[in-house]
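Data block for entry-v4.txt (compact mmCIF, C-alpha atoms):
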```txt
# COMPACT_ATOMS: atom_id res chain seq x y z
CA MET A 12 -1.74 7.45 -12.31
CA ALA A 13 -0.67 5.46 -9.24
CA ARG A 14 -3.29 7.33 -7.23
CA GLN A 15 -5.99 6.41 -9.75
CA ARG A 16 -4.91 2.75 -9.64
CA LYS A 17 -5.41 2.73 -5.89
CA LYS A 18 -8.92 4.15 -6.33
CA ILE A 19 -9.78 1.45 -8.87
CA TRP A 20 -8.39 -1.21 -6.52
CA SER A 21 -10.53 0.14 -3.67
CA ASP A 22 -13.61 0.14 -5.92
CA LEU A 23 -12.88 -3.45 -6.91
CA VAL A 24 -12.57 -4.55 -3.28
CA ARG A 25 -15.89 -2.86 -2.45
CA CYS A 26 -17.53 -4.50 -5.47
CA LYS A 27 -16.33 -7.95 -4.40
CA ASN A 28 -17.60 -7.33 -0.88
CA ARG A 29 -21.01 -6.35 -2.24
CA ILE A 30 -21.17 -9.63 -4.15
CA LYS A 31 -20.30 -11.61 -1.03
CA ASN A 32 -22.88 -9.68 0.99
CA PHE A 33 -25.49 -10.33 -1.70
CA LEU A 34 -24.78 -14.07 -1.62
CA ASP A 35 -25.10 -13.99 2.16
CA TYR A 36 -28.39 -12.06 1.84
CA THR A 37 -29.81 -14.66 -0.56
CA GLY A 38 -28.70 -17.54 1.68
CA ILE A 39 -25.97 -18.89 -0.62
CA GLU A 40 -22.88 -20.21 1.12
CA LEU A 41 -19.48 -19.99 -0.52
CA PRO A 42 -17.77 -23.36 -1.09
CA ASP A 43 -14.52 -23.66 0.88
CA LYS A 44 -12.45 -23.77 -2.31
CA PHE A 45 -13.76 -20.33 -3.30
CA ASN A 46 -13.77 -18.71 0.13
CA ASN A 47 -10.58 -16.67 -0.40
CA SER A 48 -9.37 -13.45 -2.04
CA ASN A 49 -8.41 -15.18 -5.30
CA TRP A 50 -11.34 -14.76 -7.67
CA SER A 51 -10.47 -17.35 -10.30
CA ARG A 52 -12.25 -18.03 -13.59
CA ASN A 53 -13.81 -21.10 -12.02
CA PHE A 54 -15.25 -18.95 -9.24
CA ILE A 55 -16.69 -16.44 -11.74
CA GLN A 56 -18.19 -19.32 -13.70
CA TRP A 57 -19.71 -20.68 -10.49
CA LEU A 58 -21.27 -17.27 -9.81
CA ASN A 59 -22.66 -17.11 -13.34
CA ASN A 60 -24.26 -20.56 -13.01
CA LEU A 61 -25.92 -20.02 -9.65
CA PRO A 62 -29.66 -20.74 -9.74
CA PHE A 63 -32.10 -18.32 -8.10
CA GLU A 64 -35.78 -18.71 -7.41
CA HIS A 65 -36.34 -14.99 -7.85
CA PRO A 66 -35.34 -13.76 -11.37
CA GLY A 67 -34.51 -10.32 -9.97
CA HIS A 68 -31.74 -11.85 -7.85
CA ARG A 69 -30.12 -13.39 -10.92
CA SER A 70 -30.23 -10.08 -12.78
CA THR A 71 -28.81 -8.19 -9.79
CA LEU A 72 -25.87 -10.56 -9.49
CA ASN A 73 -25.24 -10.34 -13.24
CA TYR A 74 -24.88 -6.55 -12.96
CA MET A 75 -22.50 -6.95 -10.03
CA ILE A 76 -20.36 -9.47 -11.91
CA ARG A 77 -20.15 -7.22 -14.97
CA GLU A 78 -19.11 -4.28 -12.81
CA MET A 79 -16.47 -6.41 -11.11
CA GLU A 80 -15.07 -7.67 -14.42
CA LEU A 81 -14.94 -4.12 -15.79
CA LEU A 82 -12.97 -2.95 -12.76
CA ARG A 83 -10.59 -5.89 -13.10
CA LYS A 84 -9.91 -4.94 -16.72
CA GLU A 85 -9.36 -1.31 -15.75
CA LEU A 86 -6.99 -2.36 -12.99
CA LEU A 87 -4.97 -4.52 -15.38
CA SER A 88 -4.87 -1.75 -17.97
CA ILE A 89 -3.69 0.98 -15.61
CA SER A 90 -1.15 -1.39 -14.01
CA ASN A 91 0.34 -2.03 -17.45
CA ASP A 92 0.43 1.70 -18.16
CA ILE A 93 2.24 2.37 -14.87
CA ARG A 94 4.85 -0.27 -15.73
CA LYS A 95 5.37 1.37 -19.15
CA LEU A 96 5.68 4.80 -17.53
CA MET A 97 8.29 3.57 -15.04
CA ARG A 98 10.34 2.15 -17.92
CA SER A 99 10.42 5.52 -19.67
CA ALA A 100 13.67 7.48 -19.79
CA PHE A 101 12.47 10.03 -17.24
CA TYR A 102 11.65 7.51 -14.48
CA LYS A 103 13.56 4.29 -15.20
CA LYS A 104 16.82 4.94 -13.35
CA ARG A 105 15.24 6.28 -10.15
CA TYR A 106 12.51 3.63 -10.26
CA TYR A 107 14.98 0.76 -10.10
CA LEU A 108 17.09 2.59 -7.50
CA LEU A 109 14.07 2.95 -5.20
CA ARG A 110 13.28 -0.74 -5.66
CA THR A 111 16.61 -1.57 -3.96
CA VAL A 112 15.24 -0.20 -0.67
CA THR A 113 13.94 -3.10 1.40
CA GLY A 114 10.16 -3.30 1.40
CA ILE A 115 9.60 -0.84 -1.45
CA GLY A 116 7.56 -2.58 -4.14
CA PRO A 117 6.85 -1.46 -7.71
CA LEU A 118 3.64 0.41 -6.94
CA THR A 119 5.08 2.29 -3.96
CA ALA A 120 8.13 3.25 -6.02
CA ALA A 121 5.84 4.55 -8.76
CA SER A 122 3.76 6.50 -6.22
CA LEU A 123 6.86 8.08 -4.70
CA LEU A 124 8.20 9.17 -8.09
CA THR A 125 4.94 10.61 -9.38
CA GLU A 126 3.86 12.27 -6.13
CA ILE A 127 7.23 13.71 -5.01
CA TRP A 128 8.66 14.20 -8.51
CA ASP A 129 11.70 16.24 -7.38
CA MET A 130 13.35 15.31 -4.07
CA LYS A 131 15.44 18.48 -4.09
CA ARG A 132 12.38 20.59 -3.36
CA PHE A 133 12.72 19.35 0.23
CA ALA A 134 15.71 21.07 1.83
CA SER A 135 16.00 18.45 4.58
CA PHE A 136 14.69 15.10 5.74
CA TYR A 137 12.59 17.02 8.28
CA GLU A 138 10.73 18.80 5.47
CA LEU A 139 10.22 15.57 3.54
CA ASN A 140 9.02 13.77 6.66
CA SER A 141 6.64 16.64 7.40
CA PHE A 142 5.22 16.40 3.86
CA ILE A 143 4.63 12.64 4.15
CA GLY A 144 3.19 12.91 7.68
CA LEU A 145 5.33 10.44 9.64
CA MET A 146 6.08 12.97 12.37
CA PRO A 147 4.51 12.69 15.84
CA MET A 148 2.40 15.54 17.12
CA GLU A 149 4.07 17.52 19.91
CA HIS A 150 2.24 19.08 22.85
CA SER A 151 4.03 21.50 25.15
CA SER A 152 2.82 22.46 28.61
CA GLY A 153 5.22 24.37 30.87
CA GLU A 154 8.41 22.35 31.04
CA ARG A 155 6.81 19.19 29.65
CA GLU A 156 6.88 18.21 26.01
CA LEU A 157 4.77 15.25 24.99
CA LYS A 158 4.89 13.41 21.68
CA GLY A 159 1.69 11.64 20.76
CA ARG A 160 -0.02 10.30 17.66
CA LEU A 161 1.07 11.06 14.12
CA THR A 162 0.46 14.54 12.84
CA ILE A 163 -2.85 15.09 11.08
CA ARG A 164 -0.97 16.85 8.27
CA LYS A 165 -0.03 14.16 5.80
CA HIS A 166 0.10 12.84 2.27
CA ARG A 167 -2.52 10.16 2.85
CA GLN A 168 -1.43 7.77 0.09
CA LEU A 169 2.33 7.89 0.64
CA ARG A 170 2.06 7.63 4.42
CA SER A 171 -0.22 4.60 4.09
CA ASP A 172 2.09 3.02 1.47
CA LEU A 173 5.23 3.50 3.57
CA ILE A 174 3.65 2.06 6.71
CA GLU A 175 2.54 -0.97 4.71
CA CYS A 176 6.07 -1.30 3.29
CA ALA A 177 7.48 -1.08 6.82
CA TRP A 178 5.62 -4.26 7.81
CA THR A 179 7.27 -6.05 4.88
CA ALA A 180 10.70 -4.55 5.57
CA LYS A 181 10.75 -5.62 9.22
CA ARG A 182 10.35 -9.23 8.05
CA THR A 183 12.96 -9.14 5.28
CA ASP A 184 15.63 -6.69 6.46
CA PRO A 185 17.86 -8.16 9.23
CA ALA A 186 18.70 -4.76 10.75
CA LEU A 187 15.07 -3.64 10.85
CA GLN A 188 13.98 -7.01 12.19
CA LEU A 189 16.50 -6.66 15.03
CA TYR A 190 15.37 -3.08 15.70
CA TYR A 191 11.72 -4.17 15.81
CA HIS A 192 12.35 -6.89 18.41
CA GLN A 193 14.59 -4.61 20.47
CA GLN A 194 11.81 -2.05 20.64
CA LEU A 195 9.28 -4.74 21.56
CA LYS A 196 11.44 -5.76 24.50
CA LYS A 197 11.40 -2.13 25.66
CA GLY A 198 7.62 -2.29 25.80
CA LYS A 199 6.93 -0.23 22.69
CA GLU A 200 3.66 -0.79 20.83
CA PRO A 201 4.07 -2.66 17.50
CA LYS A 202 2.22 0.01 15.52
CA LEU A 203 4.46 2.77 16.88
CA ILE A 204 7.56 0.72 16.06
CA ILE A 205 6.33 0.27 12.50
CA VAL A 206 5.92 4.03 12.12
CA LYS A 207 9.55 4.45 13.22
CA ILE A 208 10.59 1.83 10.66
CA ALA A 209 8.59 3.70 8.01
CA ARG A 210 10.61 6.83 8.86
CA LYS A 211 13.82 4.84 8.47
CA LEU A 212 12.62 3.66 5.05
CA LEU A 213 11.84 7.26 4.09
CA SER A 214 15.38 8.26 5.08
CA ARG A 215 16.79 5.47 2.92
CA ILE A 216 14.59 6.53 0.02
CA ARG A 217 15.83 10.10 0.25
CA TYR A 218 19.46 8.95 0.37
CA VAL A 219 19.11 6.65 -2.65
CA TRP A 220 17.20 9.28 -4.61
CA LEU A 221 19.71 12.08 -4.01
CA THR A 222 22.93 10.06 -4.28
CA GLU A 223 21.69 7.88 -7.15
CA ARG A 224 23.28 4.91 -5.45
CA PRO A 225 21.44 1.62 -4.75
CA TYR A 226 20.68 0.75 -1.16
CA GLN A 227 22.78 -1.99 0.43
CA ILE A 228 20.97 -4.12 3.01
CA ALA A 229 22.66 -3.89 6.39
CA VAL A 230 24.09 -7.12 7.78
CA VAL A 231 23.56 -7.95 11.45
CA LYS A 232 26.67 -9.57 12.95
```
As structure tokens, how would this structure be written, given the file I've shared?
Amino acid sequence: MARQRKKIWSDLVRCKNRIKNFLDYTGIELPDKFNNSNWSRNFIQWLNNLPFEHPGHRSTLNYMIREMELLRKELLSISNDIRKLMRSAFYKKRYYLLRTVTGIGPLTAASLLTEIWDMKRFASFYELNSFIGLMPMEHSSGERELKGRLTIRKHRQLRSDLIECAWTAKRTDPALQLYYHQQLKKGKEPKLIIVKIARKLLSRIRYVWLTERPYQIAVVK
């Protein structure tokens, strides 16, 4: 269900972009107050009231608006269903435990629970990390061993979600914030540091899941 929500969200974003591209094509400039990601009722009303010289343009935009509104309703509906599912007896306890991990929001927690389902099927953190795809590729040549980009084997959704959560965590978790700046001073690339933080989050998730104990944010002294 979390995977389907992400698909609907992506479809909605594409639909909104098509509307903006259509307005640009027809020479209509967005007012500053509407030129943002928040599509309010006033903005939708403004779109519905736009005058066009060519009747076909008006009809085309009407179809786009209806598609966008349908996707918004579907997104709201599936979001409500996910919340209900996470409050069910099977998921509730683990859901709120995962939410204690810094950076892990409601949708990521739901994705982790529905995609992994049983953490015990991974005998070690190495196996879990390999499943998610946060491991660097290794290349060996003679006595040299080089670690490069992330492995191409991955769970696309969970890896993307955890990297996004890592950006949030490095701003809100004192220990991760310190780690991030320490790595920057060593000349590490920000994106590579974030991947390392995502691995740390995954380790915390595994610990909380298996021990059934909430995560306690580390304090930097």
One-decimal distance in Å that lies between CA of Trp50 (chain A) and CA of Leu173 (chain A):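 Interatomic distance here is 27.1 Å.
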Using only C-alpha atoms, the residue out of A:Arg29, A:Arg52, A:Lys131, A:Asp172 with shortest distance to Ile115 (chain A) is A:Asp172
Pairwise distance, CA of Ile205 (chain A) with CA of Ile174 (chain A), equals 6.6 Å
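Relative to CA of Arg14 (chain A), CA of Met146 (chain A) is found at 22.4 Å.
Polymer residues near (-11.1, 0.0, -15.9): counting all atoms listed in the file with a cut-off of 12 Å, they are Gln15, Arg16, Lys17, Lys18, Ile19, Trp20, Asp22, Leu23, Arg77, Glu78, Met79, Glu80, Leu81, Leu82, Arg83, Lys84, Glu85, Leu86, Leu87, Ser88, Ile89, Ser90, Asn91 and Asp92 of chain A.
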Identify which of the residues A:Ser135, A:Thr183, A:Gln227, A:Gln194 lies closest to Lys207 (chain A), counting all atoms listed in the file when measuring atom-to-atom distances.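 Residue with the minimum atom-to-atom distance to Lys207 (chain A): A:Gln194.
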Which residue, A:Leu118, A:Arg167, A:Pro225, A:Asn32, has the smallest gap to Phe142 (chain A) when you use all atoms listed in the file?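 Nearest to Phe142 (chain A): A:Arg167.
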Report as a list in words all protein, DNA and RNA residues lying within 12 Å of region 40-42 of chain A, evaluated on all atoms listed in the file, omitting residues in the same chain fewer than 3 positions from it.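 That gives Ile30, Lys31, Asn32, Phe33, Leu34, Asp35, Tyr36, Thr37, Phe45, Asn46, Asn47, Asn53, Phe54, Trp57, Leu58 and Leu61 of chain A.
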Please report, as JSON, the centre and edge lengths in Å to one decimal of an axis-aligned box covering all listed atoms of region 26-44 of chain A with 5 Å per side.
```
{"center_x": -21.1, "center_y": -14.1, "center_z": -1.7, "size_x": 27.4, "size_y": 29.3, "size_z": 17.6}
```
Selected residue, from A:Leu139, A:Ile93, A:Leu145, A:Ala180, that lies nearest to Ser122 (chain A) when counting all atoms listed in the file: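 For Ser122 (chain A), the nearest of the given residues is A:Ile93.
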Would you kindly return, as a list in words, each protein, DNA or RNA residue with an atom no farther than 12 Å from any atom of Leu189 (chain A), considering only C-alpha atoms and excluding same-chain residues fewer than 2 positions away? Ala180, Lys181, Arg182, Thr183, Asp184, Pro185, Ala186, Leu187, Tyr191, His192, Gln193, Gln194, Leu195, Lys196, Ile204, Ile208, Ala229, Val230, Val231 and Lys232 of chain A
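With distances restricted to all atoms listed in the file, A:Arg110 is the closest residue to Leu212 (chain A) from A:Glu200, A:His166, A:Arg110, A:Pro117.
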Identify which of the residues A:Ala177, A:Leu221, A:Leu109, A:Leu96 lies closest to Leu123 (chain A), counting all atoms listed in the file when measuring atom-to-atom distances. A:Leu109
